[in-house]
file work-v3.cif (mmCIF, C-alpha atoms and all ligand atoms)
data_protein
loop_
_atom_site.label_atom_id
_atom_site.label_comp_id
_atom_site.auth_asym_id
_atom_site.auth_seq_id
_atom_site.Cartn_x
_atom_site.Cartn_y
_atom_site.Cartn_z
CA MET A 1 0.00 0.00 0.00
CA THR A 2 1.27 3.48 -0.84
CA LYS A 3 2.32 5.53 2.13
CA ILE A 4 1.69 9.24 2.32
CA LEU A 5 4.76 11.21 3.36
CA ASP A 6 3.02 13.42 5.87
CA GLY A 7 4.97 16.68 5.86
CA LYS A 8 2.48 18.33 8.18
CA LYS A 9 2.92 15.70 10.89
CA VAL A 10 6.71 15.56 10.59
CA SER A 11 7.04 19.34 10.57
CA GLU A 12 4.88 19.61 13.72
CA GLN A 13 7.28 17.27 15.51
CA ILE A 14 10.25 19.39 14.41
CA PHE A 15 8.48 22.57 15.58
CA GLU A 16 7.68 21.00 18.96
CA LYS A 17 11.31 20.03 19.49
CA ILE A 18 12.62 23.50 18.58
CA LYS A 19 9.99 25.19 20.76
CA LYS A 20 11.06 23.17 23.80
CA GLU A 21 14.73 24.00 23.25
CA VAL A 22 14.05 27.70 22.66
CA ALA A 23 11.95 27.90 25.85
CA LYS A 24 15.11 27.13 27.84
CA LEU A 25 17.07 30.04 26.33
CA SER A 26 17.33 33.49 27.87
CA LYS A 27 18.34 35.09 24.56
CA LYS A 28 16.07 34.10 21.67
CA PRO A 29 17.06 33.33 18.06
CA LYS A 30 16.18 36.30 15.86
CA LEU A 31 15.02 36.10 12.25
CA ALA A 32 14.81 39.21 10.06
CA VAL A 33 12.43 38.93 7.10
CA ILE A 34 12.64 41.47 4.28
CA LEU A 35 9.70 41.91 1.92
CA VAL A 36 9.87 44.31 -1.02
CA GLY A 37 6.68 45.31 -2.83
CA ASP A 38 3.17 43.94 -2.46
CA ASN A 39 3.19 40.61 -4.32
CA PRO A 40 0.20 38.82 -2.67
CA ALA A 41 1.83 35.35 -2.73
CA SER A 42 5.02 36.74 -1.14
CA GLN A 43 2.96 38.43 1.56
CA ILE A 44 1.27 35.13 2.37
CA TYR A 45 4.61 33.26 2.53
CA VAL A 46 6.19 35.92 4.75
CA ASN A 47 3.20 35.85 7.12
CA ILE A 48 3.37 32.05 7.41
CA LYS A 49 7.10 32.15 8.17
CA GLN A 50 6.81 34.93 10.74
CA LYS A 51 3.79 33.42 12.47
CA ARG A 52 5.64 30.14 12.87
CA ALA A 53 8.84 31.84 14.05
CA ILE A 54 6.90 33.63 16.79
CA GLU A 55 5.07 30.44 17.80
CA LEU A 56 8.44 28.76 18.33
CA GLY A 57 9.59 31.58 20.59
CA PHE A 58 11.92 33.26 18.09
CA ASP A 59 12.16 37.02 17.77
CA SER A 60 11.05 38.04 14.32
CA VAL A 61 11.71 41.39 12.65
CA ASP A 62 9.40 42.30 9.84
CA LEU A 63 10.96 44.73 7.34
CA LYS A 64 8.64 45.87 4.54
CA TYR A 65 9.71 48.21 1.74
CA PRO A 66 7.90 49.65 -1.27
CA GLU A 67 8.42 48.28 -4.78
CA ASN A 68 10.48 51.35 -5.67
CA ILE A 69 13.16 50.99 -2.98
CA THR A 70 16.55 51.40 -4.64
CA GLU A 71 19.03 48.57 -4.81
CA GLN A 72 21.51 50.64 -2.83
CA ASP A 73 19.01 51.27 -0.03
CA LEU A 74 18.21 47.57 0.16
CA LEU A 75 21.92 46.73 0.30
CA THR A 76 22.29 49.20 3.17
CA VAL A 77 19.42 47.51 5.05
CA ILE A 78 21.21 44.17 4.67
CA GLU A 79 24.55 45.59 5.74
CA ASN A 80 22.94 46.96 8.91
CA LEU A 81 21.39 43.56 9.66
CA ASN A 82 24.75 41.87 9.03
CA ASN A 83 26.32 44.20 11.62
CA ASP A 84 23.49 43.83 14.13
CA LYS A 85 24.65 41.18 16.60
CA SER A 86 21.10 40.57 17.82
CA VAL A 87 20.04 39.29 14.36
CA ASN A 88 20.96 35.66 13.66
CA ALA A 89 19.24 35.01 10.35
CA ILE A 90 18.31 37.16 7.35
CA LEU A 91 15.68 36.19 4.78
CA VAL A 92 14.96 38.21 1.65
CA GLN A 93 11.64 37.08 0.21
CA LEU A 94 11.94 36.39 -3.52
CA PRO A 95 11.14 37.41 -6.19
CA LEU A 96 12.49 40.95 -5.91
CA PRO A 97 11.32 43.69 -8.30
CA LYS A 98 13.06 43.62 -11.69
CA THR A 99 14.87 46.90 -10.92
CA ILE A 100 16.93 45.10 -8.25
CA ASN A 101 19.77 42.69 -8.95
CA THR A 102 18.76 39.62 -6.93
CA ALA A 103 22.19 37.97 -7.10
CA LYS A 104 23.81 41.11 -5.70
CA VAL A 105 21.33 41.26 -2.83
CA ILE A 106 21.84 37.59 -1.92
CA GLU A 107 25.61 38.04 -2.05
CA ALA A 108 25.32 40.98 0.35
CA ILE A 109 23.91 38.76 3.12
CA ALA A 110 26.60 37.48 5.49
CA PRO A 111 26.96 33.73 4.75
CA GLN A 112 26.65 33.01 8.51
CA LYS A 113 23.20 34.71 8.50
CA ASP A 114 22.05 33.41 5.10
CA VAL A 115 19.08 31.42 6.40
CA ASP A 116 17.90 30.42 2.92
CA GLY A 117 21.29 28.96 2.00
CA PHE A 118 21.34 30.86 -1.31
CA HIS A 119 24.62 32.75 -0.79
CA PRO A 120 27.34 31.61 -3.26
CA GLU A 121 29.56 30.61 -0.32
CA ASN A 122 26.90 28.26 1.05
CA ILE A 123 26.01 26.96 -2.44
CA GLY A 124 29.72 26.44 -3.15
CA LYS A 125 30.28 24.54 0.09
CA LEU A 126 27.25 22.39 -0.64
CA THR A 127 28.61 21.72 -4.13
CA VAL A 128 31.99 20.55 -2.85
CA ASN A 129 30.32 18.80 0.13
CA GLN A 130 32.14 20.85 2.76
CA ASN A 131 29.69 21.83 5.50
CA PRO A 132 27.76 24.90 4.35
CA TYR A 133 26.41 26.93 7.29
CA VAL A 134 22.94 25.89 6.10
CA VAL A 135 21.36 24.37 3.00
CA ALA A 136 18.27 25.64 1.19
CA CYS A 137 15.14 25.11 3.29
CA THR A 138 13.16 23.00 0.79
CA ALA A 139 16.13 20.71 0.16
CA ARG A 140 16.64 20.28 3.90
CA GLY A 141 12.93 19.65 4.41
CA ILE A 142 12.86 16.93 1.74
CA LEU A 143 15.87 15.17 3.25
CA GLU A 144 14.30 15.36 6.73
CA LEU A 145 11.10 13.83 5.38
CA LEU A 146 12.91 10.95 3.64
CA ASN A 147 14.93 10.37 6.76
CA TYR A 148 11.84 10.32 9.01
CA TYR A 149 10.31 7.54 6.90
CA ASN A 150 13.63 5.64 6.79
CA ILE A 151 13.92 5.99 3.03
CA ASN A 152 17.58 5.42 2.34
CA VAL A 153 18.89 7.36 -0.66
CA GLU A 154 22.36 5.84 -0.85
CA GLY A 155 22.89 4.03 -4.13
CA LYS A 156 19.39 4.91 -5.34
CA ASN A 157 18.64 6.33 -8.77
CA VAL A 158 17.13 9.75 -8.19
CA VAL A 159 15.70 12.02 -10.87
CA VAL A 160 15.22 15.67 -9.94
CA ILE A 161 13.04 17.53 -12.43
CA GLY A 162 13.81 21.25 -12.24
CA ARG A 163 17.19 22.94 -11.76
CA SER A 164 16.42 26.26 -10.06
CA ASN A 165 18.92 27.64 -7.56
CA ILE A 166 16.15 27.62 -4.96
CA VAL A 167 14.93 24.05 -5.20
CA GLY A 168 16.13 21.68 -7.93
CA THR A 169 19.86 22.32 -7.80
CA PRO A 170 20.31 22.24 -3.99
CA VAL A 171 18.08 19.14 -3.69
CA ALA A 172 20.16 17.38 -6.35
CA ARG A 173 23.46 18.31 -4.68
CA LEU A 174 22.28 17.30 -1.24
CA LEU A 175 21.06 13.92 -2.51
CA GLN A 176 24.31 13.37 -4.37
CA ASN A 177 26.23 14.20 -1.19
CA LYS A 178 24.16 11.46 0.47
CA ASN A 179 25.46 9.04 -2.19
CA ALA A 180 22.40 8.88 -4.43
CA THR A 181 22.98 8.67 -8.19
CA VAL A 182 21.29 11.84 -9.35
CA THR A 183 20.00 12.87 -12.79
CA VAL A 184 18.74 16.42 -13.20
CA CYS A 185 16.11 17.10 -15.87
CA HIS A 186 14.89 20.51 -17.05
CA SER A 187 12.90 22.19 -19.78
CA LYS A 188 15.42 21.27 -22.47
CA THR A 189 15.68 17.61 -21.48
CA VAL A 190 14.63 15.36 -24.35
CA ASN A 191 12.26 12.60 -23.22
CA ILE A 192 12.07 13.06 -19.45
CA LYS A 193 10.09 9.82 -19.18
CA GLU A 194 13.12 7.81 -20.27
CA HIS A 195 14.91 9.09 -17.15
CA THR A 196 12.04 8.95 -14.67
CA LEU A 197 11.16 5.34 -15.58
CA ASN A 198 14.55 4.33 -14.23
CA ALA A 199 14.22 6.30 -10.98
CA ASP A 200 13.76 4.87 -7.50
CA ILE A 201 12.97 8.41 -6.30
CA VAL A 202 11.56 11.28 -8.38
CA VAL A 203 11.61 14.87 -7.09
CA CYS A 204 9.45 17.14 -9.21
CA ALA A 205 9.99 20.91 -8.83
CA ILE A 206 8.93 22.69 -12.01
CA GLY A 207 5.67 24.56 -11.39
CA GLN A 208 3.66 22.59 -14.01
CA PRO A 209 0.35 21.20 -12.68
CA LYS A 210 0.18 17.38 -12.64
CA PHE A 211 3.19 17.06 -14.98
CA LEU A 212 4.43 13.72 -13.63
CA LYS A 213 2.00 11.01 -14.73
CA GLU A 214 1.56 7.38 -13.75
CA ASP A 215 3.12 6.06 -16.98
CA MET A 216 6.33 8.04 -16.28
CA VAL A 217 7.38 6.21 -13.12
CA LYS A 218 8.20 2.64 -12.23
CA GLU A 219 6.27 0.53 -9.73
CA ARG A 220 7.03 1.36 -6.09
CA ALA A 221 8.90 4.60 -6.87
CA VAL A 222 9.09 7.30 -4.19
CA ILE A 223 7.52 10.55 -5.40
CA ILE A 224 8.36 13.94 -3.92
CA ASP A 225 6.16 16.73 -5.24
CA VAL A 226 7.50 20.23 -4.61
CA GLY A 227 5.15 22.10 -6.93
CA ILE A 228 2.59 24.61 -5.71
CA ASN A 229 0.22 25.51 -8.54
CA ARG A 230 -2.85 27.64 -8.15
CA ILE A 231 -5.71 26.48 -10.34
CA ASP A 232 -8.49 29.03 -10.67
CA ASP A 233 -11.77 27.11 -10.60
CA ASN A 234 -13.67 30.29 -11.21
CA LYS A 235 -13.23 33.93 -10.29
CA ALA A 236 -14.21 33.37 -6.66
CA SER A 237 -12.25 30.24 -5.77
CA TYR A 238 -9.13 28.29 -6.54
CA THR A 239 -7.47 25.02 -5.64
CA ILE A 240 -3.81 24.17 -5.13
CA CYS A 241 -2.22 21.23 -6.87
CA GLY A 242 1.29 19.92 -7.21
CA ASP A 243 3.51 18.99 -10.15
CA THR A 244 2.44 15.34 -10.02
CA ASP A 245 -0.79 13.56 -10.85
CA PHE A 246 -1.26 12.53 -7.22
CA GLU A 247 -4.55 10.60 -7.53
CA ASN A 248 -3.29 8.36 -10.33
CA LEU A 249 0.18 7.89 -8.86
CA LEU A 250 -1.21 6.85 -5.51
CA SER A 251 -1.65 3.17 -6.35
CA LYS A 252 1.72 2.87 -8.10
CA ALA A 253 4.14 4.69 -5.82
CA SER A 254 5.56 3.25 -2.60
CA TYR A 255 5.61 6.68 -0.95
CA ILE A 256 4.26 10.01 -2.15
CA THR A 257 3.97 13.55 -0.79
CA PRO A 258 0.56 15.24 -0.99
CA VAL A 259 0.07 18.88 -2.00
CA PRO A 260 -0.68 20.64 0.28
CA LYS A 261 0.70 19.16 3.55
CA GLY A 262 3.76 17.55 2.00
CA VAL A 263 6.91 19.48 1.10
CA GLY A 264 5.38 22.91 1.92
CA PRO A 265 5.37 22.53 5.74
CA MET A 266 8.75 20.80 5.57
CA THR A 267 10.18 23.90 3.87
CA ILE A 268 8.99 26.00 6.81
CA ALA A 269 10.47 23.40 9.18
CA GLY A 270 13.77 23.69 7.26
CA LEU A 271 13.67 27.46 7.68
CA MET A 272 13.08 27.20 11.43
CA GLN A 273 15.87 24.62 11.80
CA ASN A 274 18.21 26.82 9.78
CA THR A 275 17.38 29.85 11.95
CA PHE A 276 18.09 27.87 15.09
CA ASP A 277 21.30 26.41 13.66
CA LEU A 278 22.58 29.88 12.74
CA TYR A 279 21.73 31.11 16.24
CA LYS A 280 23.70 28.22 17.74
CA LEU A 281 26.59 28.87 15.36
CA GLN A 282 26.74 32.50 16.47
CA ASN A 283 26.36 31.64 20.16
CA ASN A 284 28.61 28.57 20.25
P1 LIG B 1 11.58 28.02 -11.27
O1 LIG B 1 10.57 28.59 -12.23
O2 LIG B 1 12.66 28.88 -10.75
O3 LIG B 1 12.29 26.76 -11.98
C1 LIG B 1 11.54 25.82 -12.65
C2 LIG B 1 12.44 24.72 -13.15
O4 LIG B 1 11.62 23.76 -13.80
C3 LIG B 1 13.47 25.17 -14.19
O5 LIG B 1 14.70 24.50 -13.97
C4 LIG B 1 12.85 24.76 -15.53
O6 LIG B 1 13.79 24.41 -16.52
C5 LIG B 1 12.07 23.53 -15.12
N1 LIG B 1 10.92 23.30 -15.96
C6 LIG B 1 9.88 24.13 -16.21
N2 LIG B 1 8.99 23.55 -17.02
C7 LIG B 1 9.47 22.31 -17.29
C8 LIG B 1 9.00 21.21 -18.07
N3 LIG B 1 7.85 21.27 -18.74
N4 LIG B 1 9.75 20.10 -18.11
C9 LIG B 1 10.91 20.02 -17.43
N5 LIG B 1 11.41 21.01 -16.68
C10 LIG B 1 10.68 22.14 -16.62
O7 LIG B 1 10.72 27.38 -10.12
P2 LIG B 1 11.14 26.97 -8.59
O8 LIG B 1 12.22 25.97 -8.63
O9 LIG B 1 11.30 28.18 -7.76
O10 LIG B 1 9.79 26.28 -8.13
C11 LIG B 1 9.29 25.10 -8.74
C12 LIG B 1 7.94 24.78 -8.14
O11 LIG B 1 8.10 24.50 -6.76
C13 LIG B 1 6.90 25.90 -8.20
O12 LIG B 1 5.63 25.34 -8.34
C14 LIG B 1 7.02 26.57 -6.85
O13 LIG B 1 5.84 27.24 -6.47
C15 LIG B 1 7.27 25.38 -5.99
N6 LIG B 1 7.97 25.65 -4.72
C16 LIG B 1 7.49 25.00 -3.64
C17 LIG B 1 8.10 25.12 -2.43
C18 LIG B 1 7.56 24.35 -1.28
O14 LIG B 1 7.90 24.65 -0.16
N7 LIG B 1 6.73 23.34 -1.52
C19 LIG B 1 9.27 25.97 -2.24
C20 LIG B 1 9.73 26.60 -3.47
C21 LIG B 1 9.09 26.42 -4.66
P3 LIG B 1 14.87 25.44 -17.15
O15 LIG B 1 15.94 25.58 -16.08
O16 LIG B 1 15.36 24.76 -18.35
O17 LIG B 1 14.12 26.71 -17.39
#
call {"tool": "encode", "arguments": {"input": "work-v3.cif", "output": "C-alpha cells"}}
result
Amino acid sequence: MTKILDGKKVSEQIFEKIKKEVAKLSKKPKLAVILVGDNPASQIYVNIKQKRAIELGFDSVDLKYPENITEQDLLTVIENLNNDKSVNAILVQLPLPKTINTAKVIEAIAPQKDVDGFHPENIGKLTVNQNPYVVACTARGILELLNYYNINVEGKNVVVIGRSNIVGTPVARLLQNKNATVTVCHSKTVNIKEHTLNADIVVCAIGQPKFLKEDMVKERAVIIDVGINRIDDNKASYTICGDTDFENLLSKASYITPVPKGVGPMTIAGLMQNTFDLYKLQNN
C-alpha cells in the first residue's frame, strides 16, 4: 500500500522540538524577514514564516519596503542587519522587483546569516560537500522527510526535475552528497520519461500542474512533489495542486507527498531549523 509522506505531521514534531529547546534560552534566536513590494503570494509566505517563528519563541523582525526601494538602499538595510549582533538570520523574500539585482542582494547577506542557504559561499560549500552553514530550506525539508520515513537514498537512482537555484539544484546536490545517483532534468531535457522510468525516487519541482504522470514512473517509486500551482476554478475560488498527478500515482508509488501538507510545511520546518542552527553557530 502506498504511504503518504506526511509533511504536516513531521514538521509539527520538528516545531515542537525546537519550541522546547528555545523555551530554555534566555536570549532568543532572531530572524529578520525582508519583503519588497506587495506581491500577494510573497505576503502570504512571509506571514506564514513569521507566524511560525513567533510560535516557536523566536524574535522576528518584519521589514517591509515599497516596490520602488533602490538597490543601494536595500543593500544598506542588509549591511545593517549583518552588523546587528542581535540578528541571527536574514531572509529576503523572492522574487524581488526587476529593478533590483537579486544575485547582488543575496551576495550581500553574510553567509553566517544566510538562512535560505542561497549565498554563493553556502552553495559552493554544498557543491563541494564541505559543510555549508545551512542548505536551502526545501532541500533540507525533503531530506528530513525521507529520513523520518527511513527511506535510504544511498545508491538509489534519483531524478530531480527542475534545476532552479532555490529548489532543484540544492536538492540534487544534497542527494548526491548522500550518495544517491542523481540525474537532473529541465525544460530542455529530451524525453524526461526515459529518465524517470529508471528512478527509485523522483523529485518534481517545475511549477507545471500534474506534470508527472503514472506512466512516467516505475512501480514502487518514491515521489516527492515540490510544486505549488494555483488552479483558478472560477473567479471566486481556486485550488492548489502539485507537479504530479497525485490521484493516479497513488496506487503505483511506494511513498508520495501530498500537496498541500507535504513538502510545503517541511520547507517551513527547514527554515526554522536553519534559523536555530545559525543562532547556535553565532552563540557557540
Ligand atoms: P523556477 O521557475 O525557478 O524553476 C523551474 C524549473 O523547472 C526550471 O529549472 C525549468 O527548466 C524547469 N521546468 C519548467 N517547465 C518544465 C517542463 N515542462 N519540463 C521540465 N522542466 C521544466 O521554479 P522553482 O524551482 O522556484 O519552483 C518550482 C515549483 O516549486 C513551483 O511550483 C514553486 O511554487 C514550488 N515551490 C514549492 C516550495 C515548497 O515549499 N513546496 C518551495 C519553493 C518552490 P529550465 O531551467 O530549463 O528553465
call {"tool": "residues_near_ligand", "arguments": {"input": "work-v3.cif", "ligand": "ligand LIG 1 (chain B)", "cutoff": "6 Å", "atoms": "all atoms listed in the file", "output": "short mmCIF file (atom, residue, chain, number, x, y, z; two decimals) with C-alpha atoms, keeping the file's coordinate frame"}}
result
data_model
loop_
_atom_site.label_atom_id
_atom_site.label_comp_id
_atom_site.auth_asym_id
_atom_site.auth_seq_id
_atom_site.Cartn_x
_atom_site.Cartn_y
_atom_site.Cartn_z
CA THR A 138 13.16 23.00 0.79
CA ILE A 161 13.04 17.53 -12.43
CA GLY A 162 13.81 21.25 -12.24
CA ARG A 163 17.19 22.94 -11.76
CA SER A 164 16.42 26.26 -10.06
CA ILE A 166 16.15 27.62 -4.96
CA VAL A 167 14.93 24.05 -5.20
CA GLY A 168 16.13 21.68 -7.93
CA HIS A 186 14.89 20.51 -17.05
CA SER A 187 12.90 22.19 -19.78
CA LYS A 188 15.42 21.27 -22.47
CA ALA A 205 9.99 20.91 -8.83
CA ILE A 206 8.93 22.69 -12.01
CA GLY A 207 5.67 24.56 -11.39
CA VAL A 226 7.50 20.23 -4.61
CA GLY A 227 5.15 22.10 -6.93
CA ILE A 228 2.59 24.61 -5.71
CA ASN A 229 0.22 25.51 -8.54
CA VAL A 263 6.91 19.48 1.10
CA GLY A 264 5.38 22.91 1.92
CA THR A 267 10.18 23.90 3.87
#
call {"tool": "residues_near_point", "arguments": {"input": "work-v3.cif", "point": "(15.0, 14.9, -0.4)", "cutoff": "8 Å", "atoms": "only C-alpha atoms", "output": "CSV table (one decimal) with C-alpha atoms, keeping the file's coordinate frame"}}
result
chain,number,residue,atom,x,y,z
A,139,ALA,CA,16.1,20.7,0.2
A,140,ARG,CA,16.6,20.3,3.9
A,141,GLY,CA,12.9,19.6,4.4
A,142,ILE,CA,12.9,16.9,1.7
A,143,LEU,CA,15.9,15.2,3.2
A,144,GLU,CA,14.3,15.4,6.7
A,145,LEU,CA,11.1,13.8,5.4
A,146,LEU,CA,12.9,11.0,3.6
A,171,VAL,CA,18.1,19.1,-3.7
A,174,LEU,CA,22.3,17.3,-1.2
A,175,LEU,CA,21.1,13.9,-2.5
A,203,VAL,CA,11.6,14.9,-7.1
A,224,ILE,CA,8.4,13.9,-3.9
call {"tool": "axis_aligned_box", "arguments": {"input": "work-v3.cif", "around": "segment 248-253 of chain A", "padding_each_side": "3 Å", "output": "lines of an AutoDock Vina configuration file"}}
result
center_x = 0.4
center_y = 5.6
center_z = -7.9
size_x = 13.4
size_y = 11.5
size_z = 10.8
call {"tool": "closest_atom_pairs", "arguments": {"input": "work-v3.cif", "of": "segment 112-220 of chain A", "to": "segment 244-253 of chain A", "cutoff": "12 Å", "atoms": "all atoms listed in the file", "output": "CSV"}}
result
residue,atom,partner,partner_atom,distance
A:Ile161,CA,A:Thr244,CA,11.1
A:Ala199,CA,A:Ala253,CA,11.4
A:Asp200,CA,A:Ala253,CA,9.8
A:Ile201,CA,A:Ala253,CA,9.6
A:Val202,CA,A:Thr244,CA,10.1
A:Val203,CA,A:Thr244,CA,9.6
A:Cys204,CA,A:Thr244,CA,7.3
A:Ala205,CA,A:Thr244,CA,9.5
A:Ile206,CA,A:Thr244,CA,10.0
A:Gly207,CA,A:Thr244,CA,9.9
A:Gln208,CA,A:Thr244,CA,8.4
A:Pro209,CA,A:Thr244,CA,6.8
A:Lys210,CA,A:Thr244,CA,4.0
A:Phe211,CA,A:Thr244,CA,5.3
A:Leu212,CA,A:Thr244,CA,4.4
A:Lys213,CA,A:Asp245,CA,5.4
A:Glu214,CA,A:Leu249,CA,5.1
A:Asp215,CA,A:Leu249,CA,8.8
A:Met216,CA,A:Leu249,CA,9.6
A:Val217,CA,A:Ala253,CA,8.1
A:Lys218,CA,A:Lys252,CA,7.7
A:Glu219,CA,A:Lys252,CA,5.4
A:Arg220,CA,A:Ala253,CA,4.4
call {"tool": "atom_distance", "arguments": {"input": "work-v3.cif", "atom1": "atom CA of Asp6 of chain A", "atom2": "atom CA of Asp116 of chain A"}}
result
22.8 Å
call {"tool": "closest_residue", "arguments": {"input": "work-v3.cif", "among": "A:Ile14, A:Ile268, A:Val153, A:Ala89", "to": "Val134 of chain A", "atoms": "only C-alpha atoms"}}
result
A:Ala89
call {"tool": "closest_residue", "arguments": {"input": "work-v3.cif", "among": "A:Asp225, A:Lys8, A:Thr257, A:Ile44", "to": "Gly242 of chain A", "atoms": "only C-alpha atoms"}}
result
A:Asp225
call {"tool": "atom_distance", "arguments": {"input": "work-v3.cif", "atom1": "atom CA of Glu154 of chain A", "atom2": "atom CA of Ile223 of chain A"}}
result
16.2 Å
